[in-house]
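Structure first, then comments.
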Amino acid sequence: MRPTNEDTVEVAQVLALWGHLMDDRELDRLGEVLTEDAEWDGSVFGFAPVVGLEAITSVLSADGHASAHHTTNVVVSEGPGDEVRARSKALGIVGGTVMSAVYVDALRRTADGWRISRRVIQVK
């Protein structure tokens, strides 16, 4: 689908909320940003790719994640069916060092709003 301006704002809100939930360690709220069957690929940082909200929450509960998550430069584009694609820059703090990454996301419209159905993290 081709995203409307309203879709783009809603998607940006979901991507921003991800960072707040991670930083506040409110992993029990990840269903507010992820689909139940979401795929998460943080293999660039040594984490095994996982599928499903419960598995993602488990991986994100482990040590070794950034202590701060900032999402910037969000670009939302057309996707298949009732989905859109988003690409954004991520800034994080890991052990006192700022690092940059790219989030490559697929988002699906659900009854509760837009949710990330697939996230791949890349380092550029």
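Chain labels run A, B, ... following the order of the structure tokens; each chain numbers its residues from 1, and ligands are numbered from 1 in the order shown.
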
Identify, on the basis of only C-alpha atoms, every residue whose closest approach to Pro3 in chain A does not exceed 9 Å; exclude the query and any residue fewer than 2 positions from it along the same chain; express the result as a ChimeraX atom specification. /A:1,5-8,76-79,83-84

Please list as a PDB file with all heavy atoms, in the first residue's frame every residue within 6 Å of Gly19 in chain A, counting only C-alpha atoms and excluding residues in the same chain fewer than 3 positions away.
ATOM      1  N   ALA A  16       9.460   5.572  17.223  1.00  0.00           N
ATOM      2  CA  ALA A  16       9.957   6.341  18.370  1.00  0.00           C
ATOM      3  C   ALA A  16       9.625   5.630  19.677  1.00  0.00           C
ATOM      4  O   ALA A  16      10.462   5.575  20.593  1.00  0.00           O
ATOM      5  CB  ALA A  16       9.367   7.749  18.359  1.00  0.00           C
ATOM      6  N   MET A  22      12.521   0.422  25.015  1.00  0.00           N
ATOM      7  CA  MET A  22      13.825  -0.207  25.251  1.00  0.00           C
ATOM      8  C   MET A  22      14.584   0.505  26.365  1.00  0.00           C
ATOM      9  O   MET A  22      15.107  -0.136  27.267  1.00  0.00           O
ATOM     10  CB  MET A  22      14.645  -0.203  23.951  1.00  0.00           C
ATOM     11  CG  MET A  22      14.108  -1.109  22.866  1.00  0.00           C
ATOM     12  SD  MET A  22      14.096  -2.853  23.338  1.00  0.00           S
ATOM     13  CE  MET A  22      15.848  -3.142  23.537  1.00  0.00           C
ATOM     14  N   HIS A  69      18.459   4.446  22.957  1.00  0.00           N
ATOM     15  CA  HIS A  69      18.019   4.187  21.585  1.00  0.00           C
ATOM     16  C   HIS A  69      17.355   5.442  21.037  1.00  0.00           C
ATOM     17  O   HIS A  69      16.402   5.935  21.632  1.00  0.00           O
ATOM     18  CB  HIS A  69      17.002   3.044  21.550  1.00  0.00           C
ATOM     19  CG  HIS A  69      17.535   1.744  22.041  1.00  0.00           C
ATOM     20  ND1 HIS A  69      17.723   1.471  23.384  1.00  0.00           N
ATOM     21  CD2 HIS A  69      17.933   0.632  21.373  1.00  0.00           C
ATOM     22  CE1 HIS A  69      18.195   0.240  23.511  1.00  0.00           C
ATOM     23  NE2 HIS A  69      18.335  -0.281  22.310  1.00  0.00           N
ATOM     24  N   HIS A  70      17.858   5.943  19.913  1.00  0.00           N
ATOM     25  CA  HIS A  70      17.300   7.133  19.277  1.00  0.00           C
ATOM     26  C   HIS A  70      17.041   6.808  17.814  1.00  0.00           C
ATOM     27  O   HIS A  70      17.936   6.341  17.104  1.00  0.00           O
ATOM     28  CB  HIS A  70      18.276   8.311  19.381  1.00  0.00           C
ATOM     29  CG  HIS A  70      18.639   8.632  20.787  1.00  0.00           C
ATOM     30  ND1 HIS A  70      17.872   9.459  21.568  1.00  0.00           N
ATOM     31  CD2 HIS A  70      19.671   8.214  21.569  1.00  0.00           C
ATOM     32  CE1 HIS A  70      18.426   9.560  22.775  1.00  0.00           C
ATOM     33  NE2 HIS A  70      19.509   8.805  22.794  1.00  0.00           N
TER      34      HIS A  70
END

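We find CA of Asp112 in chain A and CA of Asp37 in chain A to be spaced 14.7 Å apart.
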
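For Ala68 in chain A, the list of residues within 10 Å, based on only C-alpha atoms and with local chain neighbours fewer than 5 positions off taken out, reads A:Gly19, A:His20, A:Met22, A:Asp23, A:Asp24, A:Ala90, A:Leu91, A:Gly92, A:Ile93, A:Val94, A:Val98.
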
Please save all heavy atoms of the selected residues as a PDB file, in the first residue's frame.
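Result saved to out_13.pdb:
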ATOM      1  N   GLY A  19      12.123   2.982  20.953  1.00  0.00           N
ATOM      2  CA  GLY A  19      13.279   3.457  21.702  1.00  0.00           C
ATOM      3  C   GLY A  19      12.945   3.740  23.154  1.00  0.00           C
ATOM      4  O   GLY A  19      13.717   3.405  24.057  1.00  0.00           O
ATOM      5  N   HIS A  20      11.795   4.341  23.404  1.00  0.00           N
ATOM      6  CA  HIS A  20      11.390   4.629  24.792  1.00  0.00           C
ATOM      7  C   HIS A  20      11.171   3.339  25.582  1.00  0.00           C
ATOM      8  O   HIS A  20      11.609   3.238  26.737  1.00  0.00           O
ATOM      9  CB  HIS A  20      10.126   5.485  24.814  1.00  0.00           C
ATOM     10  CG  HIS A  20      10.359   6.890  24.379  1.00  0.00           C
ATOM     11  ND1 HIS A  20      11.001   7.823  25.171  1.00  0.00           N
ATOM     12  CD2 HIS A  20      10.048   7.519  23.223  1.00  0.00           C
ATOM     13  CE1 HIS A  20      11.064   8.980  24.529  1.00  0.00           C
ATOM     14  NE2 HIS A  20      10.504   8.815  23.336  1.00  0.00           N
ATOM     15  N   MET A  22      12.521   0.422  25.015  1.00  0.00           N
ATOM     16  CA  MET A  22      13.825  -0.207  25.251  1.00  0.00           C
ATOM     17  C   MET A  22      14.584   0.505  26.365  1.00  0.00           C
ATOM     18  O   MET A  22      15.107  -0.136  27.267  1.00  0.00           O
ATOM     19  CB  MET A  22      14.645  -0.203  23.951  1.00  0.00           C
ATOM     20  CG  MET A  22      14.108  -1.109  22.866  1.00  0.00           C
ATOM     21  SD  MET A  22      14.096  -2.853  23.338  1.00  0.00           S
ATOM     22  CE  MET A  22      15.848  -3.142  23.537  1.00  0.00           C
ATOM     23  N   ASP A  23      14.630   1.828  26.315  1.00  0.00           N
ATOM     24  CA  ASP A  23      15.395   2.588  27.307  1.00  0.00           C
ATOM     25  C   ASP A  23      14.788   2.497  28.700  1.00  0.00           C
ATOM     26  O   ASP A  23      15.508   2.480  29.695  1.00  0.00           O
ATOM     27  CB  ASP A  23      15.516   4.053  26.891  1.00  0.00           C
ATOM     28  CG  ASP A  23      16.377   4.234  25.657  1.00  0.00           C
ATOM     29  OD1 ASP A  23      17.038   3.262  25.236  1.00  0.00           O
ATOM     30  OD2 ASP A  23      16.384   5.345  25.110  1.00  0.00           O
ATOM     31  N   ASP A  24      13.462   2.432  28.761  1.00  0.00           N
ATOM     32  CA  ASP A  24      12.782   2.335  30.052  1.00  0.00           C
ATOM     33  C   ASP A  24      12.644   0.893  30.514  1.00  0.00           C
ATOM     34  O   ASP A  24      12.083   0.638  31.585  1.00  0.00           O
ATOM     35  CB  ASP A  24      11.393   2.985  29.966  1.00  0.00           C
ATOM     36  CG  ASP A  24      11.465   4.476  29.710  1.00  0.00           C
ATOM     37  OD1 ASP A  24      12.537   5.090  29.956  1.00  0.00           O
ATOM     38  OD2 ASP A  24      10.454   5.039  29.237  1.00  0.00           O
ATOM     39  N   ALA A  90      19.438   4.758  13.466  1.00  0.00           N
ATOM     40  CA  ALA A  90      19.413   4.501  14.905  1.00  0.00           C
ATOM     41  C   ALA A  90      20.730   4.963  15.503  1.00  0.00           C
ATOM     42  O   ALA A  90      21.798   4.673  14.963  1.00  0.00           O
ATOM     43  CB  ALA A  90      19.215   3.010  15.164  1.00  0.00           C
ATOM     44  N   LEU A  91      20.625   5.697  16.564  1.00  0.00           N
ATOM     45  CA  LEU A  91      21.794   6.059  17.357  1.00  0.00           C
ATOM     46  C   LEU A  91      21.634   5.405  18.712  1.00  0.00           C
ATOM     47  O   LEU A  91      20.548   5.433  19.300  1.00  0.00           O
ATOM     48  CB  LEU A  91      21.900   7.575  17.528  1.00  0.00           C
ATOM     49  CG  LEU A  91      22.136   8.368  16.257  1.00  0.00           C
ATOM     50  CD1 LEU A  91      22.008   9.863  16.543  1.00  0.00           C
ATOM     51  CD2 LEU A  91      23.510   8.054  15.691  1.00  0.00           C
ATOM     52  N   GLY A  92      22.695   4.806  19.202  1.00  0.00           N
ATOM     53  CA  GLY A  92      22.639   4.160  20.505  1.00  0.00           C
ATOM     54  C   GLY A  92      23.914   4.393  21.271  1.00  0.00           C
ATOM     55  O   GLY A  92      24.950   4.755  20.696  1.00  0.00           O
ATOM     56  N   ILE A  93      23.816   4.205  22.559  1.00  0.00           N
ATOM     57  CA  ILE A  93      25.000   4.309  23.406  1.00  0.00           C
ATOM     58  C   ILE A  93      25.298   2.920  23.938  1.00  0.00           C
ATOM     59  O   ILE A  93      24.449   2.290  24.578  1.00  0.00           O
ATOM     60  CB  ILE A  93      24.779   5.303  24.562  1.00  0.00           C
ATOM     61  CG1 ILE A  93      24.493   6.686  23.989  1.00  0.00           C
ATOM     62  CG2 ILE A  93      25.985   5.322  25.491  1.00  0.00           C
ATOM     63  CD1 ILE A  93      24.098   7.717  25.011  1.00  0.00           C
ATOM     64  N   VAL A  94      26.494   2.450  23.644  1.00  0.00           N
ATOM     65  CA  VAL A  94      26.936   1.134  24.080  1.00  0.00           C
ATOM     66  C   VAL A  94      28.235   1.313  24.836  1.00  0.00           C
ATOM     67  O   VAL A  94      29.254   1.693  24.251  1.00  0.00           O
ATOM     68  CB  VAL A  94      27.136   0.173  22.876  1.00  0.00           C
ATOM     69  CG1 VAL A  94      27.581  -1.192  23.364  1.00  0.00           C
ATOM     70  CG2 VAL A  94      25.870   0.069  22.044  1.00  0.00           C
ATOM     71  N   VAL A  98      29.002   6.126  21.339  1.00  0.00           N
ATOM     72  CA  VAL A  98      27.850   6.309  20.461  1.00  0.00           C
ATOM     73  C   VAL A  98      28.068   5.483  19.201  1.00  0.00           C
ATOM     74  O   VAL A  98      29.150   5.512  18.612  1.00  0.00           O
ATOM     75  CB  VAL A  98      27.657   7.795  20.100  1.00  0.00           C
ATOM     76  CG1 VAL A  98      26.511   7.958  19.098  1.00  0.00           C
ATOM     77  CG2 VAL A  98      27.402   8.623  21.347  1.00  0.00           C
TER      78      VAL A  98
END

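With distances restricted to only C-alpha atoms, A:Ala106 is the closest residue to Arg87 in chain A from A:Ala66, A:Val44, A:Met99, A:Ala106.
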
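Residue-level DSSP output for range 32-111 of chain A, from the backbone, shows alpha helix (DSSP H) at A:Leu53, A:Glu54, A:Ala55, A:Ile56, A:Thr57, A:Ser58, A:Val59, A:Leu60, A:Ser61.
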